[in-house]
>>> print(open('input-v4.txt').read())   # compact mmCIF, C-alpha atoms
# COMPACT_ATOMS: atom_id res chain seq x y z
CA MET A 270 30.27 -24.92 8.37
CA GLY A 271 29.65 -28.39 6.98
CA ASN A 272 26.54 -28.79 9.10
CA THR A 273 25.01 -25.61 7.80
CA ILE A 274 25.37 -26.60 4.18
CA GLU A 275 23.50 -29.81 4.96
CA HIS A 276 20.58 -27.68 6.14
CA LEU A 277 20.23 -26.15 2.70
CA ASN A 278 17.26 -27.82 1.10
CA LYS A 279 17.81 -29.23 -2.40
CA THR A 280 14.12 -28.68 -3.15
CA PHE A 281 14.72 -24.94 -3.02
CA ASP A 282 17.59 -24.93 -5.50
CA SER A 283 15.13 -23.73 -8.11
CA ARG A 284 14.33 -20.02 -8.19
CA VAL A 285 10.75 -20.78 -9.10
CA ARG A 286 10.22 -23.03 -6.07
CA LEU A 287 11.93 -20.51 -3.83
CA GLY A 288 9.59 -17.83 -5.21
CA ILE A 289 6.49 -19.96 -4.68
CA MET A 290 7.47 -20.76 -1.09
CA SER A 291 8.35 -17.11 -0.30
CA THR A 292 4.98 -15.81 -1.45
CA LEU A 293 3.05 -18.60 0.28
CA MET A 294 4.89 -17.84 3.55
CA VAL A 295 3.32 -14.38 3.71
CA ASN A 296 -0.09 -15.11 2.18
CA GLU A 297 -2.79 -17.41 3.52
CA GLU A 298 -3.52 -18.62 0.01
CA ILE A 299 -2.73 -17.57 -3.55
CA ASN A 300 -4.38 -18.66 -6.77
CA PHE A 301 -2.58 -20.00 -9.79
CA ASN A 302 -2.76 -16.87 -11.93
CA THR A 303 -1.51 -14.52 -9.23
CA LEU A 304 1.32 -16.90 -8.54
CA LYS A 305 2.15 -16.97 -12.24
CA GLU A 306 2.33 -13.16 -12.38
CA LEU A 307 4.47 -12.99 -9.25
CA VAL A 308 6.93 -15.69 -10.20
CA GLY A 309 6.92 -14.76 -13.87
CA VAL A 310 6.98 -18.17 -15.56
CA THR A 311 4.81 -20.07 -18.03
CA ASP A 312 1.77 -22.14 -16.99
CA GLY A 313 3.51 -25.45 -17.63
CA ASN A 314 6.68 -24.53 -15.80
CA LEU A 315 4.79 -23.25 -12.77
CA ALA A 316 2.49 -26.28 -12.72
CA SER A 317 5.38 -28.74 -12.68
CA HIS A 318 7.10 -26.95 -9.79
CA LEU A 319 3.81 -26.76 -7.89
CA LYS A 320 3.31 -30.47 -8.45
CA ALA A 321 6.78 -31.22 -7.11
CA LEU A 322 6.14 -29.14 -3.97
CA GLU A 323 2.74 -30.75 -3.53
CA ASP A 324 4.20 -34.26 -3.84
CA ILE A 325 6.58 -33.71 -0.94
CA GLN A 326 3.69 -32.05 0.96
CA TYR A 327 5.24 -28.62 1.35
CA ILE A 328 2.11 -27.05 -0.13
CA LYS A 329 -1.53 -28.06 -0.41
CA VAL A 330 -4.02 -27.38 -3.14
CA LYS A 331 -7.60 -26.20 -2.81
CA LYS A 332 -9.68 -26.42 -5.94
CA GLY A 333 -12.82 -24.36 -6.23
CA PHE A 334 -14.96 -22.44 -8.68
CA ILE A 335 -15.52 -18.79 -9.43
CA GLY A 336 -18.71 -18.98 -11.45
CA ARG A 337 -17.93 -21.70 -13.94
CA LYS A 338 -14.18 -21.15 -14.05
CA THR A 339 -11.98 -23.30 -11.91
CA ASN A 340 -9.98 -21.46 -9.31
CA THR A 341 -7.03 -23.29 -7.83
CA ASN A 342 -5.56 -21.95 -4.63
CA TYR A 343 -2.31 -22.93 -3.00
CA MET A 344 -1.38 -22.88 0.67
CA ILE A 345 1.78 -23.70 2.55
CA THR A 346 1.72 -26.69 4.95
CA LYS A 347 3.27 -26.85 8.42
CA ALA A 348 6.01 -29.08 7.01
CA GLY A 349 6.64 -26.63 4.16
CA GLU A 350 6.85 -23.72 6.55
CA LYS A 351 9.36 -25.58 8.73
CA ALA A 352 11.50 -26.67 5.79
CA PHE A 353 11.54 -23.16 4.36
CA LYS A 354 12.54 -21.59 7.69
CA ILE A 355 15.40 -24.06 8.10
CA HIS A 356 16.56 -23.25 4.58
CA VAL A 357 16.49 -19.48 5.16
CA ASP A 358 18.26 -19.84 8.50
CA ALA A 359 20.98 -21.89 6.84
CA LEU A 360 21.45 -19.26 4.14
CA GLU A 361 21.72 -16.54 6.76
CA LYS A 362 24.15 -18.52 8.89
CA MET A 363 26.39 -19.19 5.93
CA ILE A 364 26.53 -15.52 5.08
CA ARG A 365 27.31 -14.49 8.65
CA GLY A 366 29.76 -17.35 9.15
CA MET A 367 31.84 -16.42 6.15
CA ASN A 368 32.16 -12.74 6.95
CA MET B 186 29.23 -16.45 -8.76
CA ASP B 187 30.76 -17.62 -5.48
CA VAL B 188 28.68 -19.32 -2.80
CA GLN B 189 28.57 -16.20 -0.66
CA SER B 190 27.06 -13.91 -3.25
CA ARG B 191 24.79 -16.67 -4.48
CA ASN B 192 23.34 -17.09 -0.98
CA LEU B 193 22.91 -13.35 -0.66
CA ALA B 194 21.12 -13.24 -3.99
CA GLU B 195 18.81 -16.05 -2.85
CA LEU B 196 17.91 -14.19 0.34
CA ARG B 197 17.24 -11.01 -1.64
CA HIS B 198 15.03 -12.97 -3.99
CA ILE B 199 13.06 -14.36 -1.03
CA LYS B 200 12.63 -10.92 0.52
CA ASN B 201 11.63 -9.41 -2.82
CA MET B 202 9.03 -12.10 -3.47
CA MET B 203 7.57 -11.70 0.02
CA GLU B 204 7.30 -7.94 -0.39
CA ARG B 205 5.86 -8.11 -3.88
CA SER B 206 3.24 -10.61 -2.86
CA SER B 207 2.10 -8.91 0.34
CA ARG B 208 2.51 -5.17 -0.16
CA PHE B 209 1.58 -2.83 -2.95
CA ILE B 210 5.00 -1.25 -3.39
CA SER B 211 4.39 0.84 -6.51
CA LEU B 212 2.75 3.79 -4.82
CA SER B 213 4.57 6.66 -6.52
CA GLY B 214 6.02 9.68 -4.72
CA PHE B 215 4.55 11.83 -7.47
CA SER B 216 1.11 10.61 -6.39
CA GLY B 217 1.71 12.25 -3.02
CA ILE B 218 3.14 15.44 -4.52
CA SER B 219 0.26 15.83 -7.00
CA ALA B 220 -2.35 15.15 -4.29
CA GLY B 221 -0.69 17.86 -2.17
CA ILE B 222 -0.76 20.37 -5.01
CA CYS B 223 -4.45 19.60 -5.66
CA ALA B 224 -5.16 20.18 -1.95
CA LEU B 225 -3.35 23.53 -1.95
CA ILE B 226 -5.26 24.67 -5.04
CA GLY B 227 -8.48 23.60 -3.31
CA ALA B 228 -7.56 25.49 -0.15
CA TRP B 229 -6.82 28.62 -2.20
CA LEU B 230 -10.20 28.36 -3.97
CA ALA B 231 -11.89 27.89 -0.60
CA VAL B 232 -10.20 30.99 0.83
CA GLN B 233 -11.38 33.00 -2.20
CA SER B 234 -14.96 31.83 -1.71
CA ILE B 235 -14.86 32.58 2.01
CA ALA B 236 -13.47 36.07 1.25
CA VAL B 237 -16.36 36.73 -1.16
CA TYR B 238 -18.82 35.65 1.52
CA VAL B 239 -17.22 37.75 4.27
CA HIS B 240 -16.49 40.96 2.35
CA GLU B 241 -18.98 41.16 -0.49
CA LYS B 242 -21.91 39.24 1.01
CA THR B 243 -23.10 38.29 -2.48
CA ILE B 244 -23.72 34.68 -1.42
CA THR B 245 -25.58 33.23 1.56
CA ALA B 246 -23.98 31.04 4.22
CA ASP B 247 -25.70 27.97 2.78
CA GLN B 248 -24.43 28.80 -0.71
CA LEU B 249 -20.92 29.15 0.68
CA VAL B 250 -21.13 25.75 2.36
CA ALA B 251 -22.42 24.18 -0.88
CA LYS B 252 -19.56 25.79 -2.79
CA LEU B 253 -16.95 24.55 -0.30
CA VAL B 254 -18.35 21.02 -0.44
CA LEU B 255 -18.21 21.18 -4.24
CA ILE B 256 -14.56 22.37 -4.16
CA ALA B 257 -13.64 19.67 -1.67
CA GLY B 258 -15.34 16.97 -3.75
CA SER B 259 -13.70 18.12 -7.00
CA ILE B 260 -10.19 18.28 -5.58
CA PHE B 261 -10.65 14.91 -3.93
CA ILE B 262 -11.47 13.40 -7.33
CA ALA B 263 -8.66 15.33 -9.05
CA ALA B 264 -6.15 14.15 -6.43
CA LEU B 265 -7.32 10.54 -6.81
CA ILE B 266 -6.96 10.67 -10.60
CA CYS B 267 -3.43 12.18 -10.38
CA ALA B 268 -2.41 9.65 -7.73
CA PHE B 269 -3.72 6.83 -9.89
CA ILE B 270 -1.92 8.02 -13.06
CA PHE B 271 1.53 8.36 -11.43
CA THR B 272 1.20 5.04 -9.63
CA TYR B 273 0.04 3.36 -12.84
CA ILE B 274 3.14 4.71 -14.66
CA ARG B 275 5.32 3.35 -11.87
CA THR B 276 3.80 -0.15 -12.06
CA ARG B 277 4.58 -0.16 -15.81
CA LYS B 278 8.20 0.73 -15.09
CA GLN B 279 8.52 -1.92 -12.39
CA GLY B 280 6.67 -4.53 -14.41
CA ILE B 281 4.27 -5.16 -11.53
CA PRO B 282 0.55 -5.61 -12.24
CA MET B 283 -1.56 -2.58 -11.24
CA TRP B 284 -4.50 -4.72 -10.14
CA SER B 285 -3.54 -7.62 -7.96
CA ALA B 286 -4.56 -8.99 -4.57
CA THR B 287 -2.16 -6.50 -2.95
CA THR B 288 -3.85 -3.54 -4.67
CA TYR B 289 -7.30 -4.62 -3.50
CA ARG B 290 -6.04 -5.26 0.00
CA MET B 291 -4.45 -1.82 0.14
CA LEU B 292 -7.56 -0.07 -1.22
CA ALA B 293 -9.90 -1.97 1.10
CA ASN B 294 -7.89 -1.03 4.17
CA LEU B 295 -7.65 2.57 3.03
CA SER B 296 -11.35 2.93 2.22
CA ILE B 297 -12.87 1.52 5.40
CA PRO B 298 -11.81 4.43 7.68
CA LEU B 299 -12.31 6.92 4.83
CA ILE B 300 -15.90 5.88 4.11
CA ALA B 301 -16.77 5.90 7.82
CA GLY B 302 -15.10 9.33 8.06
CA GLY B 303 -17.02 10.54 5.01
CA PHE B 304 -20.37 9.79 6.69
CA PHE B 305 -19.18 11.39 9.89
CA VAL B 306 -18.10 14.59 8.12
CA LEU B 307 -21.35 14.68 6.11
CA ARG B 308 -23.34 14.53 9.35
CA LEU B 309 -21.18 17.31 10.87
CA ILE B 310 -21.96 19.53 7.87
CA VAL B 311 -25.69 18.82 8.10
CA LEU B 312 -25.58 19.69 11.82
CA LYS B 313 -23.60 22.86 10.95
CA GLU B 314 -20.71 21.78 13.20
CA TYR B 315 -18.29 23.32 10.73
CA GLN B 316 -15.41 23.75 13.14
CA LEU B 317 -15.15 19.97 13.52
CA VAL B 318 -15.03 19.25 9.77
CA ALA B 319 -11.30 19.80 9.18
CA PRO B 320 -10.21 17.97 12.37
CA ALA B 321 -12.48 15.04 11.45
CA CYS B 322 -11.04 14.90 7.90
CA LEU B 323 -7.49 14.90 9.25
CA ILE B 324 -8.16 12.33 11.99
CA PHE B 325 -10.02 9.84 9.80
CA TYR B 326 -7.42 10.23 7.04
CA GLY B 327 -4.64 9.70 9.58
CA LEU B 328 -6.35 6.51 10.78
CA ALA B 329 -6.75 5.31 7.19
CA LEU B 330 -3.03 5.84 6.53
CA THR B 331 -1.87 4.08 9.69
CA SER B 332 -4.13 1.13 8.90
CA VAL B 333 -2.93 0.86 5.29
CA ALA B 334 0.77 0.92 6.24
CA LYS B 335 0.90 -2.87 6.50
CA TYR B 336 -0.19 -3.23 2.89
CA THR B 337 2.02 -0.70 1.09
CA LEU B 338 5.31 1.14 1.70
CA GLY B 339 5.52 1.22 5.50
CA GLU B 340 6.66 4.84 5.72
CA ILE B 341 3.10 6.01 5.05
CA ARG B 342 2.51 5.28 8.75
CA TYR B 343 4.46 8.44 9.69
CA LEU B 344 2.37 10.56 7.36
CA GLY B 345 -0.64 9.09 9.20
CA TYR B 346 0.78 10.04 12.62
CA PHE B 347 1.31 13.64 11.51
CA GLU B 348 -2.23 13.86 10.10
CA LEU B 349 -3.62 12.55 13.40
CA LEU B 350 -1.55 15.04 15.39
CA LEU B 351 -2.69 17.96 13.24
CA GLY B 352 -6.32 16.85 13.49
CA ILE B 353 -6.18 16.54 17.25
CA VAL B 354 -4.47 19.93 17.73
CA ASN B 355 -7.00 21.49 15.34
CA LEU B 356 -9.83 20.33 17.68
CA TRP B 357 -8.63 22.87 20.22
CA ILE B 358 -7.69 25.65 17.78
CA PRO B 359 -10.89 25.71 15.70
CA GLY B 360 -10.51 29.11 14.02
CA TYR B 361 -7.57 27.99 11.91
CA SER B 362 -9.08 24.97 10.20
CA ILE B 363 -8.07 26.05 6.69
CA ILE B 364 -4.43 26.31 7.77
CA PHE B 365 -4.42 22.91 9.48
CA TRP B 366 -6.20 21.39 6.51
CA SER B 367 -3.71 22.92 4.03
CA ILE B 368 -0.73 21.70 6.04
CA GLY B 369 -2.22 18.22 6.46
CA PHE B 370 -3.45 17.58 2.95
CA GLY B 371 -1.17 19.95 1.04
CA VAL B 372 2.24 20.46 2.60
CA LEU B 373 2.57 17.04 4.26
CA HIS B 374 1.62 15.20 1.07
CA ILE B 375 4.23 17.13 -0.90
CA ILE B 376 6.94 16.49 1.70
CA TYR B 377 6.00 12.80 1.98
CA GLY B 378 5.83 12.39 -1.81
CA TYR B 379 9.20 14.06 -2.24
CA ILE B 380 10.85 11.84 0.38
CA MET B 381 9.35 8.69 -1.19
CA TRP B 382 10.49 9.79 -4.64
CA TRP B 383 13.97 10.53 -3.30
CA LYS B 384 14.17 7.22 -1.48
CA TYR B 385 12.73 4.83 -4.08
CA GLU B 386 12.37 6.41 -7.51
CA ARG B 387 15.35 8.70 -8.03
CA ALA B 388 17.13 6.67 -10.64
>>> encode(input="input-v4.txt", output="structure tokens")
Amino acid sequence: MGNTIEHLNKTFDSRVRLGIMSTLMVNEEINFNTLKELVGVTDGNLASHLKALEDIQYIKVKKGFIGRKTNTNYMITKAGEKAFKIHVDALEKMIRGMN
Amino acid sequence: MDVQSRNLAELRHIKNMMERSSRFISLSGFSGISAGICALIGAWLAVQSIAVYVHEKTITADQLVAKLVLIAGSIFIAALICAFIFTYIRTRKQGIPMWSATTYRMLANLSIPLIAGGFFVLRLIVLKEYQLVAPACLIFYGLALTSVAKYTLGEIRYLGYFELLLGIVNLWIPGYSIIFWSIGFGVLHIIYGYIMWWKYERA
């Protein structure tokens, strides 16, 4: 089982990051406010987790405008998708393995 | 919490977030039940009007058609309002926003076949092809439901299949349109709504 635990990604220890990645897996792109509603955290908290995920290139940011208001959209990257899948697989394996 | 239950909780969280962000899951069973009741009331009003036309001959055929269109339009609006209210209440309870990307996606996918069907039915009425009106309503509605199933509770697909089946059978048994229509829009909605309530909302 030791190997499986190593596959668990430390980045996803946080519920907020796990939530962000889960929603981005099933949506092409999501804007900041929708993400905030879904994850249910404050602006600052969400922004810092998004920044962390962006820094390790698990997600990418697309800034645009709706009228004069800025509209920031987030998308998952290939690397992010891969890392997330490995993490979920590891979780599943650990659950099955222990039963 | 031990590792096992923590991992399970994580997986549930992932699944929950995926569902919440991609499907509109607050569609209330009561929305279905109320829409079904509206449809049955509408069907009863229609039968009354048809009876007046057949037995008393106090209205012309064109007046009857106008009256039936008016009844259909009113119950459609009434059903929409009821469906909206119950679903709105449910979103409050679940703490999910009523208007989000998932809501728009669901409504867009529902409206495309319905609007196309609306024009088709309108043209059928103008051409006086009355026997095709109920089958067309059922078929287009069935298509709308099967197409929306990806964006809300998936079970709605089965309601769609039954509507399609009824519509297709009705094409070959044209004299019984009101019965097919009442089963499709009345009875099936009530059964579907009840099952959804039983499955997801019964606290």
>>> closest_residue(input="input-v4.txt", among="A:Phe301, A:Val295, A:Glu306, A:Leu360", to="Ile345 of chain A", atoms="all atoms listed in the file")
A:Val295
>>> interface_residues(input="input-v4.txt", of="chain A", to="chain B", cutoff="9 Å", atoms="all atoms listed in the file", output="NGL selection string")
:A and (284 or 287-296 or 299 or 303-304 or 306-308 or 357 or 360-361 or 363-364 or 367)
>>> residues_near_point(input="input-v4.txt", point="(-0.2, 22.5, 3.1)", cutoff="12 Å", atoms="all atoms listed in the file", output="list in words")
Ile218, Ala220, Gly221, Ile222, Cys223, Ala224, Leu225, Ile226, Gly227, Ala228, Trp229, Glu348, Leu351, Ser362, Ile363, Ile364, Phe365, Trp366, Ser367, Ile368, Gly369, Phe370, Gly371, Val372, Leu373, His374, Ile375, Ile376 and Tyr377 of chain B
>>> write_last_selection(input="input-v4.txt", atoms="C-alpha atoms", output="PDB file, in the frame of the given file")
ATOM      1  CA  ILE B 218       3.140  15.440  -4.520  1.00  0.00           C
ATOM      2  CA  ALA B 220      -2.350  15.150  -4.290  1.00  0.00           C
ATOM      3  CA  GLY B 221      -0.690  17.860  -2.170  1.00  0.00           C
ATOM      4  CA  ILE B 222      -0.760  20.370  -5.010  1.00  0.00           C
ATOM      5  CA  CYS B 223      -4.450  19.600  -5.660  1.00  0.00           C
ATOM      6  CA  ALA B 224      -5.160  20.180  -1.950  1.00  0.00           C
ATOM      7  CA  LEU B 225      -3.350  23.530  -1.950  1.00  0.00           C
ATOM      8  CA  ILE B 226      -5.260  24.670  -5.040  1.00  0.00           C
ATOM      9  CA  GLY B 227      -8.480  23.600  -3.310  1.00  0.00           C
ATOM     10  CA  ALA B 228      -7.560  25.490  -0.150  1.00  0.00           C
ATOM     11  CA  TRP B 229      -6.820  28.620  -2.200  1.00  0.00           C
ATOM     12  CA  GLU B 348      -2.230  13.860  10.100  1.00  0.00           C
ATOM     13  CA  LEU B 351      -2.690  17.960  13.240  1.00  0.00           C
ATOM     14  CA  SER B 362      -9.080  24.970  10.200  1.00  0.00           C
ATOM     15  CA  ILE B 363      -8.070  26.050   6.690  1.00  0.00           C
ATOM     16  CA  ILE B 364      -4.430  26.310   7.770  1.00  0.00           C
ATOM     17  CA  PHE B 365      -4.420  22.910   9.480  1.00  0.00           C
ATOM     18  CA  TRP B 366      -6.200  21.390   6.510  1.00  0.00           C
ATOM     19  CA  SER B 367      -3.710  22.920   4.030  1.00  0.00           C
ATOM     20  CA  ILE B 368      -0.730  21.700   6.040  1.00  0.00           C
ATOM     21  CA  GLY B 369      -2.220  18.220   6.460  1.00  0.00           C
ATOM     22  CA  PHE B 370      -3.450  17.580   2.950  1.00  0.00           C
ATOM     23  CA  GLY B 371      -1.170  19.950   1.040  1.00  0.00           C
ATOM     24  CA  VAL B 372       2.240  20.460   2.600  1.00  0.00           C
ATOM     25  CA  LEU B 373       2.570  17.040   4.260  1.00  0.00           C
ATOM     26  CA  HIS B 374       1.620  15.200   1.070  1.00  0.00           C
ATOM     27  CA  ILE B 375       4.230  17.130  -0.900  1.00  0.00           C
ATOM     28  CA  ILE B 376       6.940  16.490   1.700  1.00  0.00           C
ATOM     29  CA  TYR B 377       6.000  12.800   1.980  1.00  0.00           C
TER      30      TYR B 377
END
>>> closest_residue(input="input-v4.txt", among="A:Glu297, A:Ala321, A:Tyr327, A:Gly313", to="Lys354 of chain A", atoms="only C-alpha atoms")
A:Tyr327
>>> residues_near_point(input="input-v4.txt", point="(5.5, -0.2, -3.0)", cutoff="12 Å", atoms="all atoms listed in the file", output="PyMOL selection string")
chain B and resi 201+204-214+272-273+275-276+279+281-283+287-288+291+333-341+381-382+384-386
>>> atom_distance(input="input-v4.txt", atom1="atom CA of Ala293 of chain B", atom2="atom CA of Ile270 of chain B")
19.1 Å
>>> atom_distance(input="input-v4.txt", atom1="atom CA of Gly345 of chain B", atom2="atom CA of Phe269 of chain B")
19.5 Å
>>> atom_distance(input="input-v4.txt", atom1="atom CA of Leu328 of chain B", atom2="atom CA of Ala251 of chain B")
26.6 Å
>>> closest_residue(input="input-v4.txt", among="A:Met344, A:Leu277, A:Val310, A:Ile355", to="Val330 of chain A", atoms="only C-alpha atoms")
A:Met344
>>> closest_residue(input="input-v4.txt", among="A:Lys362, A:Lys329, A:Arg286, A:His356", to="Leu315 of chain A", atoms="all atoms listed in the file")
A:Arg286
>>> closest_residue(input="input-v4.txt", among="A:His318, A:Lys332, A:His276, A:Lys338", to="Lys351 of chain A", atoms="only C-alpha atoms")
A:His276
>>> residues_around(input="input-v4.txt", residues="Ala264 of chain B", least_positions_apart="3", cutoff="7 Å", atoms="all atoms listed in the file", output="list in words")
Ser219, Ala220, Cys223, Ile260, Phe261, Cys267 and Ala268 of chain B
>>> residues_around(input="input-v4.txt", residues="Pro320 of chain B", least_positions_apart="6", cutoff="6 Å", atoms="all atoms listed in the file", output="list of chain:residue names")
B:Gly352, B:Asn355, B:Leu356
>>> closest_residue(input="input-v4.txt", among="B:Pro298, B:Pro359, B:Gly303, B:Gly217", to="Phe271 of chain B", atoms="all atoms listed in the file")
B:Gly217
